[in-house]
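Okay, run_19.pdb is below, PDB, C-alpha atoms:
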ATOM      1  CA  TYR A   1       0.000   0.000   0.000  1.00  0.00           C
ATOM      2  CA  SER A   2       1.522   3.335  -1.091  1.00  0.00           C
ATOM      3  CA  THR A   3       0.576   6.875  -0.028  1.00  0.00           C
ATOM      4  CA  GLY A   4       4.016   8.295  -0.765  1.00  0.00           C
ATOM      5  CA  ILE A   5       6.445   8.254  -3.698  1.00  0.00           C
ATOM      6  CA  ILE A   6       7.988   5.124  -5.216  1.00  0.00           C
ATOM      7  CA  GLY A   7      10.572   6.577  -7.591  1.00  0.00           C
ATOM      8  CA  GLY A   8      12.192   3.418  -8.936  1.00  0.00           C
ATOM      9  CA  GLY A   9       8.914   1.785  -9.876  1.00  0.00           C
ATOM     10  CA  ILE A  10       7.812  -1.750  -9.012  1.00  0.00           C
ATOM     11  CA  ALA A  11       9.153  -4.834 -10.840  1.00  0.00           C
ATOM     12  CA  SER A  12       7.820  -8.264  -9.922  1.00  0.00           C
ATOM     13  CA  ASN A  13       8.355 -11.774 -11.273  1.00  0.00           C
ATOM     14  CA  GLY A  14       6.752 -13.325  -8.238  1.00  0.00           C
ATOM     15  CA  THR A  15       3.283 -13.123  -6.702  1.00  0.00           C
ATOM     16  CA  ILE A  16       1.584 -10.006  -5.321  1.00  0.00           C
ATOM     17  CA  ASN A  17      -1.962 -10.112  -3.984  1.00  0.00           C
ATOM     18  CA  SER A  18      -2.658  -6.389  -4.254  1.00  0.00           C
ATOM     19  CA  ILE A  19      -1.038  -3.048  -5.055  1.00  0.00           C
ATOM     20  CA  ASN A  20      -2.975  -0.035  -3.720  1.00  0.00           C
ATOM     21  CA  ASN A  21      -1.596   3.363  -4.715  1.00  0.00           C
ATOM     22  CA  SER A  22      -2.707   6.697  -3.278  1.00  0.00           C
ATOM     23  CA  GLY A  23       0.647   8.363  -3.923  1.00  0.00           C
ATOM     24  CA  LEU A  24       3.016   8.399  -6.887  1.00  0.00           C
ATOM     25  CA  ILE A  25       4.628   5.415  -8.604  1.00  0.00           C
ATOM     26  CA  THR A  26       7.080   6.448 -11.319  1.00  0.00           C
ATOM     27  CA  GLY A  27       9.922   4.932 -13.313  1.00  0.00           C
ATOM     28  CA  GLY A  28      10.520   2.402 -16.057  1.00  0.00           C
ATOM     29  CA  SER A  29      12.093   2.343 -19.520  1.00  0.00           C
ATOM     30  CA  PRO A  30      10.681   1.689 -23.019  1.00  0.00           C
ATOM     31  CA  SER A  31      10.747  -2.055 -22.245  1.00  0.00           C
ATOM     32  CA  SER A  32       9.369  -1.736 -18.718  1.00  0.00           C
ATOM     33  CA  GLY A  33       6.913   0.363 -16.770  1.00  0.00           C
ATOM     34  CA  ALA A  34       6.336   2.172 -13.512  1.00  0.00           C
ATOM     35  CA  ILE A  35       4.801  -1.197 -12.591  1.00  0.00           C
ATOM     36  CA  THR A  36       6.398  -4.121 -14.470  1.00  0.00           C
ATOM     37  CA  ASN A  37       4.917  -7.570 -13.973  1.00  0.00           C
ATOM     38  CA  GLY A  38       6.272 -10.884 -15.215  1.00  0.00           C
ATOM     39  CA  GLY A  39       4.617 -12.887 -12.465  1.00  0.00           C
ATOM     40  CA  SER A  40       1.148 -12.707 -10.954  1.00  0.00           C
ATOM     41  CA  ILE A  41      -0.673  -9.710  -9.471  1.00  0.00           C
ATOM     42  CA  ALA A  42      -4.265 -10.201  -8.319  1.00  0.00           C
ATOM     43  CA  THR A  43      -5.298  -6.521  -8.116  1.00  0.00           C
ATOM     44  CA  ILE A  44      -3.819  -3.110  -8.903  1.00  0.00           C
ATOM     45  CA  THR A  45      -5.857  -0.185  -7.576  1.00  0.00           C
ATOM     46  CA  ASN A  46      -4.749   3.358  -8.363  1.00  0.00           C
ATOM     47  CA  ASN A  47      -6.262   6.450  -6.728  1.00  0.00           C
ATOM     48  CA  ASN A  48      -3.528   8.918  -7.624  1.00  0.00           C
ATOM     49  CA  GLN A  49      -0.666   8.751 -10.176  1.00  0.00           C
ATOM     50  CA  ILE A  50       1.226   6.019 -12.012  1.00  0.00           C
ATOM     51  CA  THR A  51       3.598   7.470 -14.569  1.00  0.00           C
ATOM     52  CA  GLY A  52       6.480   6.232 -16.728  1.00  0.00           C
ATOM     53  CA  SER A  53       7.477   5.347 -20.272  1.00  0.00           C
ATOM     54  CA  SER A  54       4.753   2.752 -19.813  1.00  0.00           C
ATOM     55  CA  GLY A  55       2.466   3.054 -16.814  1.00  0.00           C
ATOM     56  CA  ILE A  56       1.844  -0.692 -16.376  1.00  0.00           C
ATOM     57  CA  TYR A  57       3.897  -3.220 -18.389  1.00  0.00           C
ATOM     58  CA  ASN A  58       2.612  -6.795 -18.145  1.00  0.00           C
ATOM     59  CA  THR A  59       4.068 -10.034 -19.478  1.00  0.00           C
ATOM     60  CA  GLY A  60       2.544 -12.158 -16.731  1.00  0.00           C
ATOM     61  CA  THR A  61      -0.933 -12.328 -15.223  1.00  0.00           C
ATOM     62  CA  ILE A  62      -2.970  -9.519 -13.678  1.00  0.00           C
ATOM     63  CA  GLY A  63      -6.458 -10.049 -12.311  1.00  0.00           C
ATOM     64  CA  THR A  64      -7.941  -6.539 -12.134  1.00  0.00           C
ATOM     65  CA  ILE A  65      -6.611  -3.039 -12.781  1.00  0.00           C
ATOM     66  CA  ASN A  66      -8.773  -0.343 -11.168  1.00  0.00           C
ATOM     67  CA  ASN A  67      -8.055   3.303 -11.985  1.00  0.00           C
ATOM     68  CA  LEU A  68     -10.495   5.083  -9.720  1.00  0.00           C
ATOM     69  CA  GLY A  69     -11.796   8.609  -9.337  1.00  0.00           C
ATOM     70  CA  SER A  70     -11.191  12.084 -10.708  1.00  0.00           C
ATOM     71  CA  GLY A  71      -7.700  12.275  -9.203  1.00  0.00           C
ATOM     72  CA  ALA A  72      -6.506   8.959 -10.649  1.00  0.00           C
ATOM     73  CA  PHE A  73      -4.072   9.200 -13.557  1.00  0.00           C
ATOM     74  CA  VAL A  74      -2.112   6.578 -15.442  1.00  0.00           C
ATOM     75  CA  SER A  75       0.137   8.602 -17.738  1.00  0.00           C
ATOM     76  CA  SER A  76       3.002   7.678 -20.028  1.00  0.00           C
ATOM     77  CA  SER A  77       5.094   8.788 -22.974  1.00  0.00           C
ATOM     78  CA  SER A  78       4.543   5.425 -24.693  1.00  0.00           C
ATOM     79  CA  GLN A  79       1.753   3.108 -23.496  1.00  0.00           C
ATOM     80  CA  GLY A  80      -0.484   3.658 -20.492  1.00  0.00           C
ATOM     81  CA  ILE A  81      -0.957  -0.109 -20.213  1.00  0.00           C
ATOM     82  CA  TYR A  82       1.227  -2.450 -22.301  1.00  0.00           C
ATOM     83  CA  ASN A  83       0.092  -6.074 -22.203  1.00  0.00           C
ATOM     84  CA  GLU A  84       1.857  -9.160 -23.534  1.00  0.00           C
ATOM     85  CA  GLY A  85       0.323 -11.468 -20.927  1.00  0.00           C
ATOM     86  CA  THR A  86      -3.153 -11.894 -19.475  1.00  0.00           C
ATOM     87  CA  ILE A  87      -5.354  -9.284 -17.798  1.00  0.00           C
ATOM     88  CA  THR A  88      -8.816 -10.253 -16.619  1.00  0.00           C
ATOM     89  CA  ASN A  89     -10.329  -6.797 -16.232  1.00  0.00           C
ATOM     90  CA  ILE A  90      -9.415  -3.122 -16.652  1.00  0.00           C
ATOM     91  CA  TYR A  91     -11.834  -0.679 -15.013  1.00  0.00           C
ATOM     92  CA  ASN A  92     -11.387   3.071 -15.424  1.00  0.00           C
ATOM     93  CA  SER A  93     -13.308   5.872 -13.761  1.00  0.00           C
ATOM     94  CA  GLY A  94     -10.283   8.194 -13.805  1.00  0.00           C
ATOM     95  CA  THR A  95      -7.929   9.130 -16.638  1.00  0.00           C
ATOM     96  CA  PHE A  96      -5.502   7.360 -18.931  1.00  0.00           C
ATOM     97  CA  ARG A  97      -3.647  10.089 -20.797  1.00  0.00           C
ATOM     98  CA  TRP A  98      -1.141  11.089 -23.443  1.00  0.00           C
ATOM     99  CA  GLY A  99       0.594   7.847 -24.211  1.00  0.00           C
ATOM    100  CA  TYR A 100       1.177   6.943 -27.836  1.00  0.00           C
ATOM    101  CA  ASN A 101      -1.457   4.294 -27.110  1.00  0.00           C
ATOM    102  CA  SER A 102      -3.370   4.524 -23.850  1.00  0.00           C
ATOM    103  CA  ILE A 103      -3.999   0.759 -23.773  1.00  0.00           C
ATOM    104  CA  PHE A 104      -2.021  -1.628 -26.013  1.00  0.00           C
ATOM    105  CA  ASN A 105      -2.712  -5.371 -26.168  1.00  0.00           C
ATOM    106  CA  SER A 106      -0.024  -7.197 -28.155  1.00  0.00           C
ATOM    107  CA  ALA A 107      -0.466 -10.256 -30.404  1.00  0.00           C
ATOM    108  CA  SER A 108       0.327 -12.563 -27.486  1.00  0.00           C
ATOM    109  CA  GLY A 109      -1.862 -10.623 -25.066  1.00  0.00           C
ATOM    110  CA  GLN A 110      -5.303 -11.399 -23.731  1.00  0.00           C
ATOM    111  CA  ILE A 111      -7.605  -8.942 -21.989  1.00  0.00           C
ATOM    112  CA  ASP A 112     -11.029 -10.260 -21.002  1.00  0.00           C
ATOM    113  CA  ALA A 113     -12.748  -6.917 -20.422  1.00  0.00           C
ATOM    114  CA  ILE A 114     -12.142  -3.161 -20.544  1.00  0.00           C
ATOM    115  CA  GLU A 115     -14.759  -0.913 -18.946  1.00  0.00           C
ATOM    116  CA  ASN A 116     -14.554   2.877 -19.137  1.00  0.00           C
ATOM    117  CA  SER A 117     -17.174   4.342 -16.809  1.00  0.00           C
ATOM    118  CA  SER A 118     -19.258   7.485 -17.331  1.00  0.00           C
ATOM    119  CA  THR A 119     -16.550   9.552 -15.595  1.00  0.00           C
ATOM    120  CA  GLY A 120     -13.694   7.708 -17.303  1.00  0.00           C
ATOM    121  CA  GLN A 121     -11.433   9.415 -19.836  1.00  0.00           C
ATOM    122  CA  ILE A 122      -9.003   7.625 -22.132  1.00  0.00           C
ATOM    123  CA  TYR A 123      -6.785  10.091 -24.012  1.00  0.00           C
ATOM    124  CA  ALA A 124      -3.927   9.330 -26.385  1.00  0.00           C
ATOM    125  CA  SER A 125      -1.879  11.153 -28.972  1.00  0.00           C
ATOM    126  CA  HIS A 126      -2.307   8.247 -31.425  1.00  0.00           C
ATOM    127  CA  ILE A 127      -4.695   5.402 -30.484  1.00  0.00           C
ATOM    128  CA  GLY A 128      -6.906   5.083 -27.425  1.00  0.00           C
ATOM    129  CA  ILE A 129      -7.162   1.271 -27.409  1.00  0.00           C
ATOM    130  CA  SER A 130      -4.965  -0.741 -29.769  1.00  0.00           C
ATOM    131  CA  ASN A 131      -5.563  -4.496 -29.937  1.00  0.00           C
ATOM    132  CA  ASP A 132      -3.324  -6.988 -31.736  1.00  0.00           C
ATOM    133  CA  GLY A 133      -4.324  -9.952 -29.573  1.00  0.00           C
ATOM    134  CA  THR A 134      -7.525 -11.190 -27.942  1.00  0.00           C
ATOM    135  CA  LEU A 135      -9.903  -8.729 -26.319  1.00  0.00           C
ATOM    136  CA  GLY A 136     -13.192 -10.029 -24.996  1.00  0.00           C
ATOM    137  CA  THR A 137     -15.364  -6.985 -24.277  1.00  0.00           C
ATOM    138  CA  VAL A 138     -14.904  -3.217 -24.499  1.00  0.00           C
ATOM    139  CA  THR A 139     -17.597  -1.134 -22.799  1.00  0.00           C
ATOM    140  CA  ASN A 140     -17.325   2.646 -23.037  1.00  0.00           C
ATOM    141  CA  ARG A 141     -19.656   4.883 -21.063  1.00  0.00           C
ATOM    142  CA  GLY A 142     -17.228   7.796 -20.849  1.00  0.00           C
ATOM    143  CA  THR A 143     -14.842   9.371 -23.365  1.00  0.00           C
ATOM    144  CA  ILE A 144     -12.187   7.857 -25.595  1.00  0.00           C
ATOM    145  CA  LEU A 145     -10.417  10.677 -27.417  1.00  0.00           C
ATOM    146  CA  THR A 146      -7.238  10.836 -29.493  1.00  0.00           C
ATOM    147  CA  GLY A 147      -5.098  13.723 -30.632  1.00  0.00           C
ATOM    148  CA  ASP A 148      -5.122  13.005 -34.343  1.00  0.00           C
ATOM    149  CA  ASP A 149      -5.863   9.369 -35.090  1.00  0.00           C
ATOM    150  CA  LEU A 150      -8.241   6.650 -33.895  1.00  0.00           C
ATOM    151  CA  ALA A 151     -10.134   5.760 -30.734  1.00  0.00           C
ATOM    152  CA  ILE A 152      -9.932   1.977 -31.282  1.00  0.00           C
ATOM    153  CA  VAL A 153      -7.777  -0.022 -33.729  1.00  0.00           C
ATOM    154  CA  ASN A 154      -8.116  -3.809 -34.007  1.00  0.00           C
ATOM    155  CA  THR A 155      -5.771  -6.199 -35.814  1.00  0.00           C
ATOM    156  CA  GLY A 156      -6.647  -9.099 -33.511  1.00  0.00           C
ATOM    157  CA  ASN A 157      -9.962 -10.348 -32.215  1.00  0.00           C
ATOM    158  CA  ILE A 158     -12.552  -8.336 -30.269  1.00  0.00           C
ATOM    159  CA  GLY A 159     -15.695 -10.105 -29.099  1.00  0.00           C
ATOM    160  CA  THR A 160     -18.019  -7.213 -28.239  1.00  0.00           C
ATOM    161  CA  LEU A 161     -17.559  -3.452 -28.459  1.00  0.00           C
ATOM    162  CA  ALA A 162     -20.353  -1.506 -26.741  1.00  0.00           C
ATOM    163  CA  ASN A 163     -20.358   2.298 -26.804  1.00  0.00           C
ATOM    164  CA  GLU A 164     -22.653   4.283 -24.523  1.00  0.00           C
ATOM    165  CA  GLY A 165     -20.390   7.350 -24.398  1.00  0.00           C
ATOM    166  CA  GLN A 166     -18.174   9.210 -26.862  1.00  0.00           C
ATOM    167  CA  LEU A 167     -15.725   7.523 -29.219  1.00  0.00           C
ATOM    168  CA  ALA A 168     -13.955  10.436 -30.886  1.00  0.00           C
ATOM    169  CA  GLY A 169     -11.671   9.222 -33.665  1.00  0.00           C
ATOM    170  CA  GLY A 170     -13.683   6.198 -34.688  1.00  0.00           C
ATOM    171  CA  ILE A 171     -13.028   2.462 -34.994  1.00  0.00           C
ATOM    172  CA  GLN A 172     -10.666   0.802 -37.477  1.00  0.00           C
ATOM    173  CA  ASN A 173     -10.915  -2.970 -37.905  1.00  0.00           C
ATOM    174  CA  TRP A 174      -8.397  -5.053 -39.850  1.00  0.00           C
ATOM    175  CA  SER A 175      -9.332  -8.444 -38.421  1.00  0.00           C
ATOM    176  CA  ARG A 176     -12.445  -9.536 -36.521  1.00  0.00           C
ATOM    177  CA  ILE A 177     -15.012  -7.847 -34.276  1.00  0.00           C
ATOM    178  CA  GLY A 178     -18.028  -9.903 -33.249  1.00  0.00           C
ATOM    179  CA  THR A 179     -20.498  -7.115 -32.385  1.00  0.00           C
ATOM    180  CA  ILE A 180     -20.431  -3.309 -32.312  1.00  0.00           C
ATOM    181  CA  THR A 181     -23.306  -1.718 -30.396  1.00  0.00           C
ATOM    182  CA  ASN A 182     -23.657   2.064 -30.291  1.00  0.00           C
ATOM    183  CA  SER A 183     -26.298   3.948 -28.328  1.00  0.00           C
ATOM    184  CA  SER A 184     -24.411   7.250 -28.141  1.00  0.00           C
ATOM    185  CA  SER A 185     -21.754   8.778 -30.430  1.00  0.00           C
ATOM    186  CA  ILE A 186     -19.005   7.396 -32.666  1.00  0.00           C
ATOM    187  CA  GLU A 187     -17.254  10.203 -34.530  1.00  0.00           C
ATOM    188  CA  GLY A 188     -14.744   9.807 -37.350  1.00  0.00           C
ATOM    189  CA  GLY A 189     -11.423  11.604 -37.126  1.00  0.00           C
ATOM    190  CA  ILE A 190      -8.829  11.129 -39.864  1.00  0.00           C
ATOM    191  CA  ASN A 191     -10.972   8.309 -41.276  1.00  0.00           C
ATOM    192  CA  SER A 192     -14.548   7.095 -41.260  1.00  0.00           C
ATOM    193  CA  ALA A 193     -16.314   6.582 -37.931  1.00  0.00           C
ATOM    194  CA  ILE A 194     -16.175   2.831 -38.624  1.00  0.00           C
ATOM    195  CA  LEU A 195     -13.555   1.709 -41.138  1.00  0.00           C
ATOM    196  CA  ASN A 196     -13.687  -2.040 -41.788  1.00  0.00           C
ATOM    197  CA  SER A 197     -11.165  -4.023 -43.788  1.00  0.00           C
ATOM    198  CA  GLY A 198     -11.777  -7.244 -41.864  1.00  0.00           C
ATOM    199  CA  THR A 199     -14.896  -8.966 -40.554  1.00  0.00           C
ATOM    200  CA  ILE A 200     -17.627  -7.534 -38.329  1.00  0.00           C
ATOM    201  CA  GLY A 201     -20.497  -9.773 -37.298  1.00  0.00           C
ATOM    202  CA  THR A 202     -23.132  -7.201 -36.321  1.00  0.00           C
ATOM    203  CA  ILE A 203     -23.360  -3.418 -36.078  1.00  0.00           C
ATOM    204  CA  ASN A 204     -26.359  -2.289 -34.034  1.00  0.00           C
ATOM    205  CA  ASN A 205     -26.776   1.505 -33.940  1.00  0.00           C
ATOM    206  CA  SER A 206     -29.387   3.431 -31.972  1.00  0.00           C
ATOM    207  CA  GLY A 207     -27.180   6.509 -31.524  1.00  0.00           C
ATOM    208  CA  THR A 208     -25.101   8.560 -33.952  1.00  0.00           C
ATOM    209  CA  ILE A 209     -22.312   7.364 -36.233  1.00  0.00           C
ATOM    210  CA  SER A 210     -20.848  10.328 -38.089  1.00  0.00           C
ATOM    211  CA  SER A 211     -17.869  11.650 -40.009  1.00  0.00           C
ATOM    212  CA  THR A 212     -17.110  15.119 -41.303  1.00  0.00           C
ATOM    213  CA  ASP A 213     -14.644  14.344 -44.088  1.00  0.00           C
ATOM    214  CA  PHE A 214     -15.258  10.659 -44.884  1.00  0.00           C
ATOM    215  CA  ASP A 215     -18.059   8.116 -45.166  1.00  0.00           C
ATOM    216  CA  ALA A 216     -19.558   7.396 -41.755  1.00  0.00           C
ATOM    217  CA  ILE A 217     -19.117   3.642 -42.327  1.00  0.00           C
ATOM    218  CA  SER A 218     -16.565   2.486 -44.903  1.00  0.00           C
ATOM    219  CA  ASN A 219     -16.436  -1.246 -45.639  1.00  0.00           C
ATOM    220  CA  ASP A 220     -13.844  -3.109 -47.714  1.00  0.00           C
ATOM    221  CA  GLY A 221     -14.342  -6.330 -45.772  1.00  0.00           C
ATOM    222  CA  THR A 222     -17.399  -8.201 -44.503  1.00  0.00           C
ATOM    223  CA  ILE A 223     -20.221  -6.961 -42.289  1.00  0.00           C
ATOM    224  CA  THR A 224     -22.801  -9.684 -41.690  1.00  0.00           C
ATOM    225  CA  SER A 225     -25.637  -7.507 -40.352  1.00  0.00           C
ATOM    226  CA  LEU A 226     -26.211  -3.792 -39.796  1.00  0.00           C
ATOM    227  CA  TYR A 227     -29.218  -2.612 -37.808  1.00  0.00           C
ATOM    228  CA  ASN A 228     -29.906   1.121 -37.538  1.00  0.00           C
ATOM    229  CA  SER A 229     -32.560   2.953 -35.524  1.00  0.00           C
ATOM    230  CA  GLY A 230     -30.410   6.041 -34.983  1.00  0.00           C
ATOM    231  CA  THR A 231     -28.421   8.315 -37.307  1.00  0.00           C
ATOM    232  CA  ILE A 232     -25.597   7.434 -39.689  1.00  0.00           C
ATOM    233  CA  SER A 233     -24.354  10.591 -41.390  1.00  0.00           C
ATOM    234  CA  SER A 234     -21.497  12.104 -43.350  1.00  0.00           C
ATOM    235  CA  SER A 235     -20.750  15.626 -44.525  1.00  0.00           C
ATOM    236  CA  THR A 236     -18.874  14.398 -47.623  1.00  0.00           C
TER     237      THR A 236
END
As a first step, turn the structure in this file into structure tokens.
Amino acid sequence: YSTGIIGGGIASNGTINSINNSGLITGGSPSSGAITNGGSIATITNNNQITGSSGIYNTGTIGTINNLGSGAFVSSSSQGIYNEGTITNIYNSGTFRWGYNSIFNSASGQIDAIENSSTGQIYASHIGISNDGTLGTVTNRGTILTGDDLAIVNTGNIGTLANEGQLAGGIQNWSRIGTITNSSSIEGGINSAILNSGTIGTINNSGTISSTDFDAISNDGTITSLYNSGTISSST
């Protein structure tokens, strides 16, 4: 349990039941993080600041990452969370900010669920959530916003992507997404709001899918079903 400053970061190849941070954890290099895990961590709970080249760098197993409250920041110059291992759940009601990717799941990585609550903010200069591996469920009730590129990029496998908040920058799929459900707003940035060059099972829209400079939905791959009771619009 930390309420102070851990300047050299935390590196573990063993077993930790819980890390609870109400202070500052900082450190790490491009191939490590402020928290680097090659072993097993049951729970990481952050109520203040975790900052480094990568905030959390995982090649092992993590049960749950909780980033909680308006004062909770995971910030980095590279990846907020970099995963090559297994993470059961990431829950954010605070802020992930200004990494190249806020959350990156590599080809060998598995994340069962990412939930961004109504107060949660995921900011990145490039990609909010980048998935090359296996990602079960993404639920966004808050804001996912990027500086100039895309909110979510998938070259792996995503089971379900449910948006009840704001996805600013859109979704780019090069592989497989089972279901996209939108009841709020998906906005295109440098591309369409949904750009598909892979396979999407179902798109179910009761909100707004829009792009200013491109088609709202651009498909060069396969979309099995598209159901719309909301608005799909483009200014092109």
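Nearest residue to Thr137 in chain A among A:Asn47, A:Gln121, A:Asn157, A:Thr199 is A:Asn157, counting all atoms listed in the file.
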- Name the residues captured by the PyMOL selection byres ((chain A and resi 223) around 7) when it is applied to the shown file; answer as a list in words. Thr199, Ile200, Gly201, Thr202, Gly221, Thr222, Thr224 and Ser225 of chain A
- Selection result for the PyMOL selection byres ((chain A and resi 61-63) around 12) on this file, as a ChimeraX atom specification: /A:12-19,35-45,56-60,64-66,81-91,109-113
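For the choices A:Leu68, A:Ala193, A:Ile186, A:Ile180, the atom-to-atom distance to Tyr227 in chain A is smallest for A:Ile180 when using all atoms listed in the file.
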- Message: For the provided coordinates, the residues matched by the PyMOL selection byres ((chain A and resi 204-211) around 6) should be stated as a PyMOL selection string.
- Response: chain A and resi 181-188+192-193+203+212-214+216+226-234
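Atom pair CA of Asn140 in chain A / CA of Ser32 in chain A: separated by 27.4 Å.
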- Query: What does the distance between CA of Gly136 in chain A and CA of Asp220 in chain A come to in Å, to one decimal place?
  - Reply: 23.8 Å
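Take CA of Leu167 in chain A and CA of Ser108 in chain A: the distance between them is 25.8 Å.
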Output, as AutoDock Vina command-line options, the centre and edge lengths in Å (one decimal) of the axis-aligned box that contains all listed atoms of range 59-66 of chain A with 6 Å of margin on each side.
--center_x -2.4 --center_y -6.3 --center_z -15.3 --size_x 24.8 --size_y 24.0 --size_z 20.3
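Among the candidates A:Ala107, A:Ile114, A:Ala151, A:Ala72, the residue lying nearest to Ile127 in chain A is A:Ala151 (atoms considered: all atoms listed in the file).
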- Item | Shell around Gly80 in chain A at 6 Å using only C-alpha atoms, local window under 5 positions removed, as JSON, numbers by chain | {"A": [54, 55, 75, 99, 102, 103]}
- Kindly indicate which residue among A:Gly133, A:Gly94, A:Gly128, A:Gly52 lies nearest to Ser175 in chain A, using only C-alpha atoms for the distances. A:Gly133
- Message: List the spatial neighbours of Ile158 in chain A as a ChimeraX atom specification - criterion: any atom at most 7 Å away, only C-alpha atoms, same-chain residues fewer than 6 positions off excluded.
- Response: /A:134-137,176-178
